[in-house]
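Listing of my_file18.pdb; format and content: PDB, C-alpha atoms.
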ATOM      1  CA  MET A   1      54.482  83.021 207.153  1.00  0.00           C
ATOM      2  CA  SER A   2      51.433  85.255 206.987  1.00  0.00           C
ATOM      3  CA  GLN A   3      48.358  83.815 208.665  1.00  0.00           C
ATOM      4  CA  GLY A   4      44.873  84.985 209.519  1.00  0.00           C
ATOM      5  CA  GLN A   5      44.330  85.735 213.190  1.00  0.00           C
ATOM      6  CA  PRO A   6      43.192  82.582 215.051  1.00  0.00           C
ATOM      7  CA  ARG A   7      39.618  82.662 216.231  1.00  0.00           C
ATOM      8  CA  ARG A   8      38.027  80.669 219.047  1.00  0.00           C
ATOM      9  CA  PRO A   9      35.975  77.646 217.911  1.00  0.00           C
ATOM     10  CA  THR A  10      32.293  78.536 217.826  1.00  0.00           C
ATOM     11  CA  ASN A  11      30.573  75.118 218.037  1.00  0.00           C
ATOM     12  CA  ASP A  12      31.049  71.466 218.928  1.00  0.00           C
ATOM     13  CA  GLN A  13      32.709  70.364 215.661  1.00  0.00           C
ATOM     14  CA  GLY A  14      36.266  70.864 216.858  1.00  0.00           C
ATOM     15  CA  VAL A  15      38.847  73.274 215.451  1.00  0.00           C
ATOM     16  CA  LYS A  16      37.779  74.291 211.948  1.00  0.00           C
ATOM     17  CA  TYR A  17      39.670  76.013 209.143  1.00  0.00           C
ATOM     18  CA  GLY A  18      37.820  79.254 209.810  1.00  0.00           C
ATOM     19  CA  ASP A  19      39.096  79.212 213.400  1.00  0.00           C
ATOM     20  CA  VAL A  20      42.783  79.369 212.420  1.00  0.00           C
ATOM     21  CA  PHE A  21      42.955  80.647 208.824  1.00  0.00           C
ATOM     22  CA  ASP A  22      41.392  83.532 206.925  1.00  0.00           C
ATOM     23  CA  VAL A  23      39.274  81.372 204.605  1.00  0.00           C
ATOM     24  CA  LYS A  24      35.709  81.638 203.351  1.00  0.00           C
ATOM     25  CA  GLY A  25      32.728  79.559 202.318  1.00  0.00           C
ATOM     26  CA  ASP A  26      32.354  75.844 202.958  1.00  0.00           C
ATOM     27  CA  LEU A  27      36.062  75.434 203.815  1.00  0.00           C
ATOM     28  CA  ALA A  28      35.767  77.716 206.841  1.00  0.00           C
ATOM     29  CA  GLY A  29      33.296  75.329 208.496  1.00  0.00           C
ATOM     30  CA  GLN A  30      35.212  72.099 207.881  1.00  0.00           C
ATOM     31  CA  THR A  31      37.004  70.408 210.782  1.00  0.00           C
ATOM     32  CA  ILE A  32      40.786  70.085 210.320  1.00  0.00           C
ATOM     33  CA  ALA A  33      41.673  66.389 210.054  1.00  0.00           C
ATOM     34  CA  PRO A  34      44.966  64.486 210.511  1.00  0.00           C
ATOM     35  CA  GLN A  35      45.328  63.535 206.853  1.00  0.00           C
ATOM     36  CA  ASP A  36      44.896  67.200 205.849  1.00  0.00           C
ATOM     37  CA  ALA A  37      47.872  68.063 208.051  1.00  0.00           C
ATOM     38  CA  ALA A  38      49.901  65.158 206.659  1.00  0.00           C
ATOM     39  CA  LEU A  39      49.292  66.316 203.079  1.00  0.00           C
ATOM     40  CA  MET A  40      50.313  69.895 203.854  1.00  0.00           C
ATOM     41  CA  GLN A  41      53.356  68.758 205.821  1.00  0.00           C
ATOM     42  CA  SER A  42      54.466  66.610 202.878  1.00  0.00           C
ATOM     43  CA  ALA A  43      53.921  69.491 200.430  1.00  0.00           C
ATOM     44  CA  GLU A  44      55.845  71.948 202.647  1.00  0.00           C
ATOM     45  CA  THR A  45      58.731  69.535 203.021  1.00  0.00           C
ATOM     46  CA  MET A  46      58.836  68.995 199.252  1.00  0.00           C
ATOM     47  CA  VAL A  47      59.101  72.711 198.473  1.00  0.00           C
ATOM     48  CA  LEU A  48      60.781  74.203 201.551  1.00  0.00           C
ATOM     49  CA  GLY A  49      62.851  71.270 202.800  1.00  0.00           C
ATOM     50  CA  GLN A  50      61.128  71.092 206.179  1.00  0.00           C
ATOM     51  CA  THR A  51      57.943  71.959 208.029  1.00  0.00           C
ATOM     52  CA  GLN A  52      57.909  75.672 208.782  1.00  0.00           C
ATOM     53  CA  ARG A  53      57.652  76.679 212.432  1.00  0.00           C
ATOM     54  CA  GLY A  54      54.296  78.417 212.846  1.00  0.00           C
ATOM     55  CA  GLY A  55      53.407  77.686 209.208  1.00  0.00           C
ATOM     56  CA  PRO A  56      50.170  76.175 207.878  1.00  0.00           C
ATOM     57  CA  ALA A  57      51.311  72.554 208.276  1.00  0.00           C
ATOM     58  CA  ALA A  58      52.353  73.120 211.905  1.00  0.00           C
ATOM     59  CA  VAL A  59      49.053  74.881 212.659  1.00  0.00           C
ATOM     60  CA  MET A  60      47.089  72.086 210.980  1.00  0.00           C
ATOM     61  CA  GLN A  61      49.062  69.408 212.847  1.00  0.00           C
ATOM     62  CA  SER A  62      48.297  71.055 216.187  1.00  0.00           C
ATOM     63  CA  ALA A  63      44.605  71.549 215.357  1.00  0.00           C
ATOM     64  CA  SER A  64      44.110  68.048 213.936  1.00  0.00           C
ATOM     65  CA  ARG A  65      45.860  66.474 216.936  1.00  0.00           C
ATOM     66  CA  GLN A  66      43.491  68.348 219.254  1.00  0.00           C
ATOM     67  CA  ASN A  67      40.512  67.279 217.137  1.00  0.00           C
ATOM     68  CA  GLU A  68      41.660  63.660 217.202  1.00  0.00           C
ATOM     69  CA  LEU A  69      42.217  63.658 220.972  1.00  0.00           C
ATOM     70  CA  THR A  70      38.757  65.096 221.573  1.00  0.00           C
ATOM     71  CA  GLY A  71      37.131  62.570 219.243  1.00  0.00           C
ATOM     72  CA  PHE A  72      35.967  64.896 216.466  1.00  0.00           C
ATOM     73  CA  VAL A  73      38.021  63.115 213.789  1.00  0.00           C
ATOM     74  CA  GLY A  74      39.770  59.783 213.317  1.00  0.00           C
ATOM     75  CA  HIS A  75      43.508  59.320 212.814  1.00  0.00           C
ATOM     76  CA  ASP A  76      43.103  58.331 209.138  1.00  0.00           C
ATOM     77  CA  GLN A  77      40.387  60.866 208.358  1.00  0.00           C
ATOM     78  CA  ALA A  78      40.595  63.697 205.816  1.00  0.00           C
ATOM     79  CA  SER A  79      38.258  66.629 205.387  1.00  0.00           C
ATOM     80  CA  ARG A  80      36.142  66.991 202.245  1.00  0.00           C
ATOM     81  CA  ALA A  81      38.400  69.857 201.176  1.00  0.00           C
ATOM     82  CA  ALA A  82      41.556  67.742 201.307  1.00  0.00           C
ATOM     83  CA  ALA A  83      39.910  64.617 199.903  1.00  0.00           C
ATOM     84  CA  ASN A  84      38.243  66.364 196.968  1.00  0.00           C
ATOM     85  CA  HIS A  85      40.658  69.202 196.157  1.00  0.00           C
ATOM     86  CA  GLY A  86      43.959  68.413 197.894  1.00  0.00           C
ATOM     87  CA  VAL A  87      46.632  70.893 198.907  1.00  0.00           C
ATOM     88  CA  THR A  88      48.988  72.935 196.751  1.00  0.00           C
ATOM     89  CA  VAL A  89      52.250  74.758 197.417  1.00  0.00           C
ATOM     90  CA  THR A  90      53.419  77.114 194.657  1.00  0.00           C
ATOM     91  CA  GLU A  91      56.569  79.162 194.079  1.00  0.00           C
ATOM     92  CA  THR A  92      56.387  82.523 192.322  1.00  0.00           C
ATOM     93  CA  ILE A  93      59.748  83.903 191.238  1.00  0.00           C
ATOM     94  CA  VAL A  94      60.219  87.600 191.976  1.00  0.00           C
ATOM     95  CA  PRO A  95      63.320  89.823 191.811  1.00  0.00           C
ATOM     96  CA  GLY A  96      65.709  88.660 194.523  1.00  0.00           C
ATOM     97  CA  GLY A  97      63.825  85.547 195.557  1.00  0.00           C
ATOM     98  CA  CYS A  98      60.483  83.788 195.430  1.00  0.00           C
ATOM     99  CA  ILE A  99      57.118  83.790 197.182  1.00  0.00           C
ATOM    100  CA  VAL A 100      55.870  80.422 198.404  1.00  0.00           C
ATOM    101  CA  THR A 101      52.079  80.258 198.763  1.00  0.00           C
ATOM    102  CA  GLU A 102      50.195  77.377 200.359  1.00  0.00           C
ATOM    103  CA  PHE A 103      46.609  76.504 199.421  1.00  0.00           C
ATOM    104  CA  ILE A 104      43.903  74.099 200.462  1.00  0.00           C
ATOM    105  CA  ALA A 105      40.842  73.674 198.263  1.00  0.00           C
ATOM    106  CA  GLY A 106      42.151  76.563 196.172  1.00  0.00           C
ATOM    107  CA  GLN A 107      42.197  79.083 199.047  1.00  0.00           C
ATOM    108  CA  PRO A 108      45.543  80.534 200.235  1.00  0.00           C
ATOM    109  CA  ILE A 109      46.322  79.861 203.889  1.00  0.00           C
ATOM    110  CA  GLY A 110      49.951  81.000 204.137  1.00  0.00           C
ATOM    111  CA  ARG A 111      52.831  82.746 202.361  1.00  0.00           C
ATOM    112  CA  ILE A 112      56.555  83.038 202.889  1.00  0.00           C
ATOM    113  CA  MET A 113      59.171  85.098 201.062  1.00  0.00           C
ATOM    114  CA  GLU A 114      62.480  83.393 200.359  1.00  0.00           C
ATOM    115  CA  THR A 115      65.613  85.036 199.064  1.00  0.00           C
ATOM    116  CA  ASP A 116      67.087  83.060 196.231  1.00  0.00           C
ATOM    117  CA  ALA A 117      70.488  82.925 194.600  1.00  0.00           C
ATOM    118  CA  PRO A 118      70.492  82.854 190.785  1.00  0.00           C
ATOM    119  CA  ARG A 119      69.733  79.395 189.463  1.00  0.00           C
ATOM    120  CA  GLN A 120      72.674  77.583 187.978  1.00  0.00           C
ATOM    121  CA  HIS A 121      72.928  75.212 185.067  1.00  0.00           C
ATOM    122  CA  VAL A 122      75.251  72.344 185.930  1.00  0.00           C
ATOM    123  CA  PRO A 123      75.908  68.945 184.353  1.00  0.00           C
ATOM    124  CA  GLU A 124      73.756  65.970 185.339  1.00  0.00           C
ATOM    125  CA  GLY A 125      76.713  64.417 187.128  1.00  0.00           C
ATOM    126  CA  ALA A 126      76.878  67.377 189.518  1.00  0.00           C
ATOM    127  CA  LYS A 127      73.384  66.728 190.861  1.00  0.00           C
ATOM    128  CA  ILE A 128      72.864  65.162 194.283  1.00  0.00           C
ATOM    129  CA  THR A 129      72.028  61.476 194.181  1.00  0.00           C
ATOM    130  CA  ILE A 130      69.689  59.561 196.443  1.00  0.00           C
ATOM    131  CA  GLY A 131      72.643  57.782 198.029  1.00  0.00           C
ATOM    132  CA  GLU A 132      74.361  61.081 198.733  1.00  0.00           C
ATOM    133  CA  ALA A 133      71.162  62.472 200.287  1.00  0.00           C
ATOM    134  CA  LEU A 134      71.016  59.420 202.564  1.00  0.00           C
ATOM    135  CA  GLU A 135      74.625  59.983 203.593  1.00  0.00           C
ATOM    136  CA  THR A 136      73.740  63.604 204.401  1.00  0.00           C
ATOM    137  CA  ALA A 137      70.954  62.392 206.705  1.00  0.00           C
ATOM    138  CA  GLY A 138      73.533  60.192 208.408  1.00  0.00           C
ATOM    139  CA  LEU A 139      75.540  63.310 209.186  1.00  0.00           C
ATOM    140  CA  THR A 140      72.707  65.666 210.180  1.00  0.00           C
ATOM    141  CA  ALA A 141      70.664  63.193 212.257  1.00  0.00           C
ATOM    142  CA  GLY A 142      73.244  60.463 212.711  1.00  0.00           C
ATOM    143  CA  ASP A 143      73.070  60.332 216.504  1.00  0.00           C
ATOM    144  CA  LYS A 144      69.371  59.383 216.449  1.00  0.00           C
ATOM    145  CA  PRO A 145      68.336  55.739 216.886  1.00  0.00           C
ATOM    146  CA  VAL A 146      66.843  54.155 213.770  1.00  0.00           C
ATOM    147  CA  GLU A 147      63.040  54.056 213.997  1.00  0.00           C
ATOM    148  CA  ARG A 148      60.475  52.323 211.809  1.00  0.00           C
ATOM    149  CA  SER A 149      59.726  55.621 210.045  1.00  0.00           C
ATOM    150  CA  ASP A 150      63.408  56.026 209.163  1.00  0.00           C
ATOM    151  CA  ALA A 151      63.556  52.465 207.828  1.00  0.00           C
ATOM    152  CA  ALA A 152      60.431  53.029 205.726  1.00  0.00           C
ATOM    153  CA  ALA A 153      61.898  56.224 204.263  1.00  0.00           C
ATOM    154  CA  ILE A 154      65.227  54.507 203.533  1.00  0.00           C
ATOM    155  CA  GLN A 155      63.393  51.594 201.903  1.00  0.00           C
ATOM    156  CA  ALA A 156      61.462  54.010 199.673  1.00  0.00           C
ATOM    157  CA  ALA A 157      64.667  55.857 198.785  1.00  0.00           C
ATOM    158  CA  GLU A 158      66.481  52.649 197.863  1.00  0.00           C
ATOM    159  CA  ALA A 159      63.542  51.504 195.724  1.00  0.00           C
ATOM    160  CA  ARG A 160      63.561  54.801 193.822  1.00  0.00           C
ATOM    161  CA  ALA A 161      67.339  54.637 193.346  1.00  0.00           C
ATOM    162  CA  THR A 162      67.414  51.056 192.114  1.00  0.00           C
ATOM    163  CA  GLY A 163      64.051  50.801 190.383  1.00  0.00           C
ATOM    164  CA  ARG A 164      63.340  47.654 192.406  1.00  0.00           C
ATOM    165  CA  ASN A 165      60.327  47.202 194.666  1.00  0.00           C
ATOM    166  CA  ALA A 166      62.043  44.369 196.541  1.00  0.00           C
ATOM    167  CA  THR A 167      64.518  45.092 199.336  1.00  0.00           C
ATOM    168  CA  VAL A 168      68.111  44.499 198.246  1.00  0.00           C
ATOM    169  CA  PRO A 169      69.611  41.686 200.390  1.00  0.00           C
ATOM    170  CA  GLY A 170      72.287  43.190 202.635  1.00  0.00           C
ATOM    171  CA  GLY A 171      71.508  46.659 201.291  1.00  0.00           C
ATOM    172  CA  VAL A 172      70.959  49.889 203.165  1.00  0.00           C
ATOM    173  CA  SER A 173      67.206  49.395 203.589  1.00  0.00           C
ATOM    174  CA  ALA A 174      67.616  45.783 204.748  1.00  0.00           C
ATOM    175  CA  GLN A 175      70.047  47.008 207.394  1.00  0.00           C
ATOM    176  CA  ALA A 176      67.672  49.818 208.387  1.00  0.00           C
ATOM    177  CA  LEU A 177      64.690  47.492 208.738  1.00  0.00           C
ATOM    178  CA  ALA A 178      66.695  45.065 210.882  1.00  0.00           C
ATOM    179  CA  ALA A 179      67.996  47.945 213.023  1.00  0.00           C
ATOM    180  CA  ALA A 180      64.501  49.382 213.545  1.00  0.00           C
ATOM    181  CA  ASP A 181      63.175  45.980 214.661  1.00  0.00           C
ATOM    182  CA  ALA A 182      66.103  45.490 217.044  1.00  0.00           C
ATOM    183  CA  ASN A 183      65.816  49.038 218.419  1.00  0.00           C
ATOM    184  CA  ALA A 184      62.125  48.541 219.159  1.00  0.00           C
ATOM    185  CA  ARG A 185      63.094  45.739 221.548  1.00  0.00           C
ATOM    186  CA  GLU A 186      66.028  47.625 223.096  1.00  0.00           C
ATOM    187  CA  THR A 187      65.296  49.706 226.203  1.00  0.00           C
ATOM    188  CA  CYS A 188      68.566  51.659 226.417  1.00  0.00           C
ATOM    189  CA  ASP A 189      69.096  54.355 223.769  1.00  0.00           C
ATOM    190  CA  GLU A 190      72.867  54.041 224.077  1.00  0.00           C
ATOM    191  CA  ASP A 191      72.666  50.461 222.840  1.00  0.00           C
ATOM    192  CA  LYS A 192      70.424  51.219 219.865  1.00  0.00           C
ATOM    193  CA  THR A 193      71.716  51.332 216.275  1.00  0.00           C
ATOM    194  CA  LYS A 194      72.004  54.921 215.095  1.00  0.00           C
ATOM    195  CA  LEU A 195      71.266  56.395 211.679  1.00  0.00           C
ATOM    196  CA  ARG A 196      74.965  57.070 211.107  1.00  0.00           C
ATOM    197  CA  ASP A 197      75.643  53.340 211.481  1.00  0.00           C
ATOM    198  CA  ILE A 198      73.246  52.573 208.629  1.00  0.00           C
ATOM    199  CA  LEU A 199      73.682  55.571 206.315  1.00  0.00           C
ATOM    200  CA  ALA A 200      77.462  55.957 206.317  1.00  0.00           C
ATOM    201  CA  ASN A 201      78.657  55.103 202.778  1.00  0.00           C
ATOM    202  CA  ALA A 202      75.063  54.543 201.652  1.00  0.00           C
ATOM    203  CA  THR A 203      76.059  55.019 198.015  1.00  0.00           C
ATOM    204  CA  THR A 204      78.268  51.936 198.157  1.00  0.00           C
ATOM    205  CA  LYS A 205      75.494  49.806 199.660  1.00  0.00           C
ATOM    206  CA  MET A 206      73.119  50.270 196.713  1.00  0.00           C
ATOM    207  CA  PRO A 207      73.574  48.457 193.387  1.00  0.00           C
ATOM    208  CA  SER A 208      72.561  51.612 191.506  1.00  0.00           C
ATOM    209  CA  ASP A 209      71.861  55.272 192.219  1.00  0.00           C
ATOM    210  CA  LYS A 210      70.264  58.280 190.548  1.00  0.00           C
ATOM    211  CA  ALA A 211      69.897  62.040 190.898  1.00  0.00           C
ATOM    212  CA  VAL A 212      67.094  62.981 193.285  1.00  0.00           C
ATOM    213  CA  ASP A 213      63.953  64.462 191.743  1.00  0.00           C
ATOM    214  CA  ARG A 214      60.676  65.648 193.225  1.00  0.00           C
ATOM    215  CA  ASP A 215      58.899  62.342 192.614  1.00  0.00           C
ATOM    216  CA  ASP A 216      61.619  60.565 194.609  1.00  0.00           C
ATOM    217  CA  ALA A 217      61.244  63.070 197.438  1.00  0.00           C
ATOM    218  CA  ALA A 218      57.453  62.713 197.478  1.00  0.00           C
ATOM    219  CA  ARG A 219      57.716  58.928 197.866  1.00  0.00           C
ATOM    220  CA  VAL A 220      60.291  59.192 200.645  1.00  0.00           C
ATOM    221  CA  VAL A 221      58.432  61.917 202.552  1.00  0.00           C
ATOM    222  CA  GLY A 222      55.192  59.957 202.274  1.00  0.00           C
ATOM    223  CA  ALA A 223      56.833  56.770 203.562  1.00  0.00           C
ATOM    224  CA  GLU A 224      58.320  58.535 206.574  1.00  0.00           C
ATOM    225  CA  ILE A 225      55.221  60.412 207.712  1.00  0.00           C
ATOM    226  CA  ARG A 226      52.940  57.375 207.245  1.00  0.00           C
ATOM    227  CA  ASN A 227      55.073  55.494 209.752  1.00  0.00           C
ATOM    228  CA  LYS A 228      55.223  58.173 212.466  1.00  0.00           C
ATOM    229  CA  PRO A 229      52.386  58.607 214.966  1.00  0.00           C
ATOM    230  CA  ASP A 230      52.630  62.419 214.769  1.00  0.00           C
ATOM    231  CA  MET A 231      52.857  62.316 210.943  1.00  0.00           C
ATOM    232  CA  THR A 232      55.903  64.608 210.829  1.00  0.00           C
ATOM    233  CA  THR A 233      59.340  64.169 209.309  1.00  0.00           C
ATOM    234  CA  ARG A 234      62.453  63.929 211.470  1.00  0.00           C
ATOM    235  CA  PRO A 235      64.378  67.255 211.365  1.00  0.00           C
ATOM    236  CA  GLY A 236      67.489  66.689 209.275  1.00  0.00           C
ATOM    237  CA  GLY A 237      66.431  63.081 208.736  1.00  0.00           C
ATOM    238  CA  VAL A 238      65.962  60.946 205.649  1.00  0.00           C
ATOM    239  CA  ALA A 239      62.864  62.613 204.181  1.00  0.00           C
ATOM    240  CA  ALA A 240      64.098  66.139 204.918  1.00  0.00           C
ATOM    241  CA  SER A 241      67.494  65.419 203.345  1.00  0.00           C
ATOM    242  CA  VAL A 242      66.009  63.856 200.216  1.00  0.00           C
ATOM    243  CA  ALA A 243      63.513  66.711 199.836  1.00  0.00           C
ATOM    244  CA  ALA A 244      66.282  69.296 200.228  1.00  0.00           C
ATOM    245  CA  ALA A 245      68.379  67.478 197.618  1.00  0.00           C
ATOM    246  CA  ALA A 246      65.425  67.470 195.202  1.00  0.00           C
ATOM    247  CA  ARG A 247      65.030  71.231 195.611  1.00  0.00           C
ATOM    248  CA  LEU A 248      68.716  71.844 194.986  1.00  0.00           C
ATOM    249  CA  ASN A 249      68.666  69.616 191.921  1.00  0.00           C
ATOM    250  CA  GLN A 250      65.658  71.480 190.555  1.00  0.00           C
ATOM    251  CA  ASP A 251      67.528  74.752 190.951  1.00  0.00           C
ATOM    252  CA  ARG A 252      70.345  73.262 188.868  1.00  0.00           C
ATOM    253  CA  GLN A 253      68.245  72.689 185.753  1.00  0.00           C
TER     254      GLN A 253
END
Written as structure tokens, that's how I'd like the structure from this file.
Amino acid sequence: MSQGQPRRPTNDQGVKYGDVFDVKGDLAGQTIAPQDAALMQSAETMVLGQTQRGGPAAVMQSASRQNELTGFVGHDQASRAAANHGVTVTETIVPGGCIVTEFIAGQPIGRIMETDAPRQHVPEGAKITIGEALETAGLTAGDKPVERSDAAAIQAAEARATGRNATVPGGVSAQALAAADANARETCDEDKTKLRDILANATTKMPSDKAVDRDDAARVVGAEIRNKPDMTTRPGGVAASVAAAARLNQDRQ
């Protein structure tokens, strides 16, 4: 990921965009806030499947955490740039792959080149469903205890799959919520309910299912990061698995 060279903060407003990215104008002087980082992390996960090590979201998370600890910004605060203009992650197809560019307030702050296999057209039935994405998370992060952020992401996934806002009695999200509450009271990790215990055979625990799309992934990613103190997704967890499934399904148009 190409970045501008970090520069040392020059005043008492905390770490600003101009200190860590090659940006200009009003954006350069704005303090990086936690909600800015959360937006970029969600956008990166949507497009790339996970937060990129050393990428813009990781840099913004580190800077915003420092700014929050030193009292320059609040935990729920966003900069004017993020609040008024948001963040954008775009893919430009080039021979042999694509270029992913990340923007805030219309200014590019990072790029990555990805190699890309030719896109395939496959039947709707061959697409990955939300239930299957949940089962994948049970395999990739199955040994992790269920946390409130996992339960929130699972609840959002089930709602998108079923079209119901209410939790399905005895369903996968009901089990996840109960497990997260029980785990919060349990002191020994060995005795905590793991993700694999909840997500195994997730497709059979939901009354209906659907192919994952980007709107589904956005809801699930948002639910997970809103319920984690560091506002990041769990590597290989629910949000990451659903986002990866959405990307694969998009490639199969």
Selection dump of the PyMOL selection byres ((chain A and resi 61) around 10), as a ChimeraX atom specification: /A:32-38,40-41,56-60,62-67,230-232
In the coordinates of the file, take the point (76.3, 54.7, 196.1) and a cut-off of 10 Å; then, counting all atoms listed in the file, name each qualifying protein, DNA or RNA residue as an MDAnalysis selection string. chainID A and resid 129:132 134:135 161 201:210
Which residues, written as a PDB file with C-alpha atoms, in the coordinates of the input, have at least one atom at most 12 Å from Arg247 in chain A, with all atoms listed in the file counted and residues fewer than 2 positions away on the same chain left out?
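Writing done, so here's part26.pdb:
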ATOM      1  CA  GLU A  44      55.845  71.948 202.647  1.00  0.00           C
ATOM      2  CA  THR A  45      58.731  69.535 203.021  1.00  0.00           C
ATOM      3  CA  MET A  46      58.836  68.995 199.252  1.00  0.00           C
ATOM      4  CA  VAL A  47      59.101  72.711 198.473  1.00  0.00           C
ATOM      5  CA  LEU A  48      60.781  74.203 201.551  1.00  0.00           C
ATOM      6  CA  GLY A  49      62.851  71.270 202.800  1.00  0.00           C
ATOM      7  CA  GLN A  50      61.128  71.092 206.179  1.00  0.00           C
ATOM      8  CA  GLU A  91      56.569  79.162 194.079  1.00  0.00           C
ATOM      9  CA  ARG A 119      69.733  79.395 189.463  1.00  0.00           C
ATOM     10  CA  LYS A 127      73.384  66.728 190.861  1.00  0.00           C
ATOM     11  CA  ILE A 128      72.864  65.162 194.283  1.00  0.00           C
ATOM     12  CA  ALA A 133      71.162  62.472 200.287  1.00  0.00           C
ATOM     13  CA  ALA A 211      69.897  62.040 190.898  1.00  0.00           C
ATOM     14  CA  VAL A 212      67.094  62.981 193.285  1.00  0.00           C
ATOM     15  CA  ASP A 213      63.953  64.462 191.743  1.00  0.00           C
ATOM     16  CA  ARG A 214      60.676  65.648 193.225  1.00  0.00           C
ATOM     17  CA  ASP A 215      58.899  62.342 192.614  1.00  0.00           C
ATOM     18  CA  ASP A 216      61.619  60.565 194.609  1.00  0.00           C
ATOM     19  CA  ALA A 217      61.244  63.070 197.438  1.00  0.00           C
ATOM     20  CA  ALA A 218      57.453  62.713 197.478  1.00  0.00           C
ATOM     21  CA  ALA A 240      64.098  66.139 204.918  1.00  0.00           C
ATOM     22  CA  SER A 241      67.494  65.419 203.345  1.00  0.00           C
ATOM     23  CA  VAL A 242      66.009  63.856 200.216  1.00  0.00           C
ATOM     24  CA  ALA A 243      63.513  66.711 199.836  1.00  0.00           C
ATOM     25  CA  ALA A 244      66.282  69.296 200.228  1.00  0.00           C
ATOM     26  CA  ALA A 245      68.379  67.478 197.618  1.00  0.00           C
ATOM     27  CA  ASN A 249      68.666  69.616 191.921  1.00  0.00           C
ATOM     28  CA  GLN A 250      65.658  71.480 190.555  1.00  0.00           C
ATOM     29  CA  ASP A 251      67.528  74.752 190.951  1.00  0.00           C
ATOM     30  CA  ARG A 252      70.345  73.262 188.868  1.00  0.00           C
ATOM     31  CA  GLN A 253      68.245  72.689 185.753  1.00  0.00           C
TER      32      GLN A 253
END
Please list as an mmCIF file with C-alpha atoms, in the frame of the given file every residue within 6 Å of range 99-108 of chain A, counting only C-alpha atoms and excluding residues in the same chain fewer than 5 positions away.
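Output contents, as saved in result_14.cif:
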data_model
loop_
_atom_site.group_PDB
_atom_site.id
_atom_site.type_symbol
_atom_site.label_atom_id
_atom_site.label_comp_id
_atom_site.auth_asym_id
_atom_site.auth_seq_id
_atom_site.Cartn_x
_atom_site.Cartn_y
_atom_site.Cartn_z
ATOM 1 C CA ALA A 81 38.400 69.857 201.176
ATOM 2 C CA HIS A 85 40.658 69.202 196.157
ATOM 3 C CA VAL A 87 46.632 70.893 198.907
ATOM 4 C CA THR A 88 48.988 72.935 196.751
ATOM 5 C CA VAL A 89 52.250 74.758 197.417
ATOM 6 C CA THR A 90 53.419 77.114 194.657
ATOM 7 C CA GLU A 91 56.569 79.162 194.079
ATOM 8 C CA THR A 92 56.387 82.523 192.322
ATOM 9 C CA MET A 113 59.171 85.098 201.062
#
To one decimal in Å, tell me the separation between CA of Thr167 in chain A and CA of Asp143 in chain A.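 So the answer is 24.5 Å.
Each of A:Val23, A:Val168, A:Ile154, A:Leu195 was compared to Asn183 in chain A using all atoms listed in the file, and A:Leu195 turns out to be the nearest.
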